[in-house]
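A.B. asks: Next up is a structure, given as structure tokens.
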Amino acid sequence: MPESRGGGGRQLPQSDAAARAVARGGPLVALSLKEAVLLVAPSERRPRSLIENRGLPKMWRLTDGICLSHVGLIQDSRALLLAAQQAAFEHENRFGEHIPIAELVEVVAGKQQEATMQGSRRPYGSSILIAGLLPDLRGPASIPTSSSSSDSHRRKGVLYPRIYRTDPSGTFTLWRACALGRGTETIMALLEDKYAPEMERKEALKLALECCRVLMSGGREKREEKEEVGREGGEKKKKKKEEEEEEEEEEEEEEEEEEEEEVEIKKRTSLMTEAGPEEAEEDLMVAGVDVALISREGVRMWESVSPVEKLLDLVEDNWV
């Protein structure tokens with residue numbers, strides 16, 4: 001039996017590994033609004049002066065009304081996005097129109113499901129989020145007086161936001177608001193309390209940026225906790241070694257070390273105050289945000305906006 005299959009109700013280890021890859025991926029927030037969909041992907045990375053391009057972009061504009069995003073293994077996401085691009089090209093070349101979002105979801109989810117049923121293959125370790133707008137062809141468009149009036153009604157008809165999420169197993173679900181990647185439980189709890197489909201776009205953007213700040217602060221707290229645990233473990237080892245030595249010699253050595261540490265701390269604090277806390281923080285970590293807005297006007301994207309506060313000023317004049 002192939003390794004990618006299972007029997008007797010047992011779990012598939014490769015499928016579990018693919019799900020873990022998605023859970024560890026870069027976070028992504030998606031919100032459906034009135035005739036619009038908002039995607040926000042925060043990133044927290046160390047600066048690399050020699051890197052000009054991060055590789056595969058987090059947001060992928062497929063058509064004028066469909067935007068894709070990915071979470072998980074980048075190489076697997078690239079293969080799925082290229083399959084979606086090929087399906088969209090073939091549909092437009094054959095029918096002369098953009099591919100419907102429902103058909104695109106079937107293509108991506110079907111490709112992921114095929115990988116779980118074939119031997120010597122592993123599931124795709126990525127999850128694809130497909131966002132777009134679904135036009136309402138009913139209502140006034142169903143009783144047009146002429147062909148020209150039919151087109152105008154369809155252009156002015158209601159647009160329903162759609163957010164589909166595909167899993168490594170090949171299943172897909174429809175969401176009003178969802179989160180993928182690291183910190184999913186934290187973001188979903190925040191969205192359940194503050195998200196509303198009727199909220200304005202700027203309010204939704206502020207909510208998404210709040211999710212970004214929560215994720216970034218949570219990551220920093222985890223790193224600080226790990227450092228503290230390591231320091232505590234090192235202190236315990238030192239204590240065990242110090243117990244073997246004489247108590248008098250330990251007290252004298254500790255007093256000398258404390259005096260030296262106080263001098264060094266004073267020097268470091270003076271340097272930090274001269275450089276400023278903001279500059280010191282920027283040297284350690286650079287935070288950026290990728291944003292995509294799917295609306296009646298099309299797909300608009302802002303990449304690597306840093307710091308987060310600049311995003312509100314950037315879209316103040318162009319936000320519809």
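Labels used: A, B, ... for chains in the order of the structure tokens, numbers from 1 for residues in each chain, and numbers from 1 for ligands as shown.
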So that I can see what lies close to Asp16 (chain A), please list as a list of chain:residue names the residues with an atom at most 10 Å from it, counting only C-alpha atoms and leaving out residues fewer than 3 positions away in the same chain.
C.D. replies: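 The neighbour list is A:Gln11, A:Leu12, A:Pro13, A:Ala19, A:Arg20, A:Ala21, A:Val22, A:Pro123, A:Gly125, A:Pro168, A:Ser169.
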A.B. asks: Could the residues in this selection be written to a file with N, CA and C atoms, as a CSV table (one decimal), in the first residue's frame?
C.D. replies:
chain,number,residue,atom,x,y,z
A,11,GLN,N,-4.8,7.5,11.0
A,11,GLN,CA,-4.5,8.8,10.4
A,11,GLN,C,-3.3,8.7,9.4
A,12,LEU,N,-3.3,9.7,8.5
A,12,LEU,CA,-2.2,9.7,7.6
A,12,LEU,C,-1.1,10.6,8.1
A,13,PRO,N,0.1,10.1,8.3
A,13,PRO,CA,1.2,10.9,8.9
A,13,PRO,C,1.6,12.0,7.9
A,19,ALA,N,-0.5,19.5,7.3
A,19,ALA,CA,-1.3,20.4,8.1
A,19,ALA,C,-0.5,21.2,9.1
A,20,ARG,N,0.6,20.6,9.7
A,20,ARG,CA,1.5,21.3,10.6
A,20,ARG,C,2.3,22.3,9.8
A,21,ALA,N,2.6,22.1,8.6
A,21,ALA,CA,3.4,23.1,7.8
A,21,ALA,C,2.5,24.3,7.5
A,22,VAL,N,1.2,24.1,7.3
A,22,VAL,CA,0.3,25.2,7.2
A,22,VAL,C,0.2,26.0,8.5
A,123,PRO,N,1.2,14.9,0.2
A,123,PRO,CA,0.3,16.0,0.0
A,123,PRO,C,1.0,17.3,-0.1
A,125,GLY,N,2.0,20.7,1.1
A,125,GLY,CA,2.1,21.3,2.4
A,125,GLY,C,1.7,22.8,2.4
A,168,PRO,N,-4.7,21.0,2.7
A,168,PRO,CA,-3.9,20.0,2.0
A,168,PRO,C,-4.6,18.7,1.7
A,169,SER,N,-5.7,18.4,2.4
A,169,SER,CA,-6.4,17.2,2.1
A,169,SER,C,-7.3,17.3,0.8
A.B. asks: When distances are computed from only C-alpha atoms, which of A:Met188, A:Leu133, A:Val29, A:Leu82 shows the smallest separation from Cys67 (chain A)?
C.D. replies: A:Leu133
A.B. asks: Can you tell me, as an mmCIF file with N, CA, C and O atoms, in the first residue's frame, what residues are no more than 8 Å from Ala88 (chain A) when counting only C-alpha atoms, ignoring any on the same chain fewer than 6 positions away?
C.D. replies:
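Saved to out14.cif:
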data_model
loop_
_atom_site.group_PDB
_atom_site.id
_atom_site.type_symbol
_atom_site.label_atom_id
_atom_site.label_comp_id
_atom_site.auth_asym_id
_atom_site.auth_seq_id
_atom_site.Cartn_x
_atom_site.Cartn_y
_atom_site.Cartn_z
ATOM 1 N N LEU A 62 -4.814 37.103 -9.901
ATOM 2 C CA LEU A 62 -5.071 36.152 -10.978
ATOM 3 C C LEU A 62 -5.877 36.795 -12.101
ATOM 4 O O LEU A 62 -5.504 36.709 -13.275
ATOM 5 N N HIS A 98 -13.393 35.651 -17.883
ATOM 6 C CA HIS A 98 -12.604 35.232 -16.736
ATOM 7 C C HIS A 98 -13.222 33.983 -16.108
ATOM 8 O O HIS A 98 -14.437 33.791 -16.120
ATOM 9 N N ILE A 99 -12.355 33.164 -15.514
ATOM 10 C CA ILE A 99 -12.821 31.938 -14.893
ATOM 11 C C ILE A 99 -13.647 32.266 -13.652
ATOM 12 O O ILE A 99 -13.288 33.139 -12.858
ATOM 13 N N LEU A 104 -12.558 27.808 -10.188
ATOM 14 C CA LEU A 104 -11.154 27.875 -9.805
ATOM 15 C C LEU A 104 -10.903 27.118 -8.505
ATOM 16 O O LEU A 104 -9.879 26.435 -8.353
#
A.B. asks: Ile187 (chain A): which residues within 9 Å, counting only C-alpha atoms, same-chain residues fewer than 4 positions away excluded, as an MDAnalysis selection string?
C.D. replies: chainID A and resid 29 178:180 183 191:192 211:212 214:215
A.B. asks: Could the residues in this selection be saved with N, CA, C and O atoms as an mmCIF file, in the first residue's frame?
C.D. replies:
data_model
loop_
_atom_site.group_PDB
_atom_site.id
_atom_site.type_symbol
_atom_site.label_atom_id
_atom_site.label_comp_id
_atom_site.auth_asym_id
_atom_site.auth_seq_id
_atom_site.Cartn_x
_atom_site.Cartn_y
_atom_site.Cartn_z
ATOM 1 N N VAL A 29 -4.800 37.134 7.180
ATOM 2 C CA VAL A 29 -6.129 37.522 7.640
ATOM 3 C C VAL A 29 -6.961 37.910 6.428
ATOM 4 O O VAL A 29 -6.488 38.665 5.566
ATOM 5 N N CYS A 178 -11.629 34.781 8.047
ATOM 6 C CA CYS A 178 -10.817 33.640 8.476
ATOM 7 C C CYS A 178 -9.370 34.079 8.632
ATOM 8 O O CYS A 178 -8.971 35.176 8.221
ATOM 9 N N ALA A 179 -8.603 33.200 9.245
ATOM 10 C CA ALA A 179 -7.177 33.419 9.451
ATOM 11 C C ALA A 179 -6.449 32.117 9.195
ATOM 12 O O ALA A 179 -6.974 31.032 9.473
ATOM 13 N N LEU A 180 -5.246 32.221 8.662
ATOM 14 C CA LEU A 180 -4.415 31.058 8.364
ATOM 15 C C LEU A 180 -3.022 31.284 8.923
ATOM 16 O O LEU A 180 -2.595 32.423 9.135
ATOM 17 N N GLY A 183 -0.739 31.613 14.846
ATOM 18 C CA GLY A 183 -1.645 32.433 15.632
ATOM 19 C C GLY A 183 -3.079 32.417 15.153
ATOM 20 O O GLY A 183 -3.815 33.380 15.393
ATOM 21 N N LEU A 191 -11.439 38.073 15.863
ATOM 22 C CA LEU A 191 -12.410 38.365 14.808
ATOM 23 C C LEU A 191 -13.841 38.053 15.253
ATOM 24 O O LEU A 191 -14.782 38.771 14.892
ATOM 25 N N GLU A 192 -14.013 37.000 16.011
ATOM 26 C CA GLU A 192 -15.355 36.662 16.494
ATOM 27 C C GLU A 192 -15.930 37.743 17.397
ATOM 28 O O GLU A 192 -17.151 37.941 17.444
ATOM 29 N N CYS A 211 -4.906 42.805 14.425
ATOM 30 C CA CYS A 211 -4.501 41.396 14.423
ATOM 31 C C CYS A 211 -3.004 41.264 14.157
ATOM 32 O O CYS A 211 -2.323 40.427 14.751
ATOM 33 N N CYS A 212 -2.479 42.109 13.265
ATOM 34 C CA CYS A 212 -1.050 42.075 12.978
ATOM 35 C C CYS A 212 -0.230 42.426 14.213
ATOM 36 O O CYS A 212 0.770 41.767 14.518
ATOM 37 N N VAL A 214 -1.110 42.097 17.310
ATOM 38 C CA VAL A 214 -1.212 41.014 18.291
ATOM 39 C C VAL A 214 -0.248 39.887 17.939
ATOM 40 O O VAL A 214 0.437 39.335 18.808
ATOM 41 N N LEU A 215 -0.178 39.540 16.649
ATOM 42 C CA LEU A 215 0.718 38.471 16.230
ATOM 43 C C LEU A 215 2.177 38.847 16.441
ATOM 44 O O LEU A 215 2.982 38.054 16.921
#
A.B. asks: One number please: CA of Gly288 (chain A) to CA of Gln112 (chain A), in Å, one decimal.
C.D. replies: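 CA of Gln112 (chain A) lies 29.9 Å from CA of Gly288 (chain A).
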A.B. asks: Would you work out the distance separating CA of Gly110 (chain A) from CA of Pro197 (chain A), expressed in Å to one decimal?
C.D. replies: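 Between CA of Gly110 (chain A) and CA of Pro197 (chain A) the gap is 29.7 Å.
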A.B. asks: In Å, how far is it from CA of Ala30 (chain A) to CA of Phe89 (chain A)?
C.D. replies: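 Value for the CA of Ala30 (chain A)-CA of Phe89 (chain A) distance: 25.3 Å.
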A.B. asks: Give the answer as one residue: which of A:Leu31, A:Ala131, A:Ala189, A:Leu73 has the shortest atom-to-atom distance to Arg61 (chain A), using only C-alpha atoms?
C.D. replies: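 Of A:Leu31, A:Ala131, A:Ala189, A:Leu73, the one nearest Arg61 (chain A) is A:Ala131, counting only C-alpha atoms.
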A.B. asks: Using only C-alpha atoms, which residue out of A:Val299, A:Ala208, A:Val37, A:Ile128 lies closest to Val71 (chain A)?
C.D. replies: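 Of A:Val299, A:Ala208, A:Val37, A:Ile128, the one nearest Val71 (chain A), counting only C-alpha atoms, is A:Ile128.
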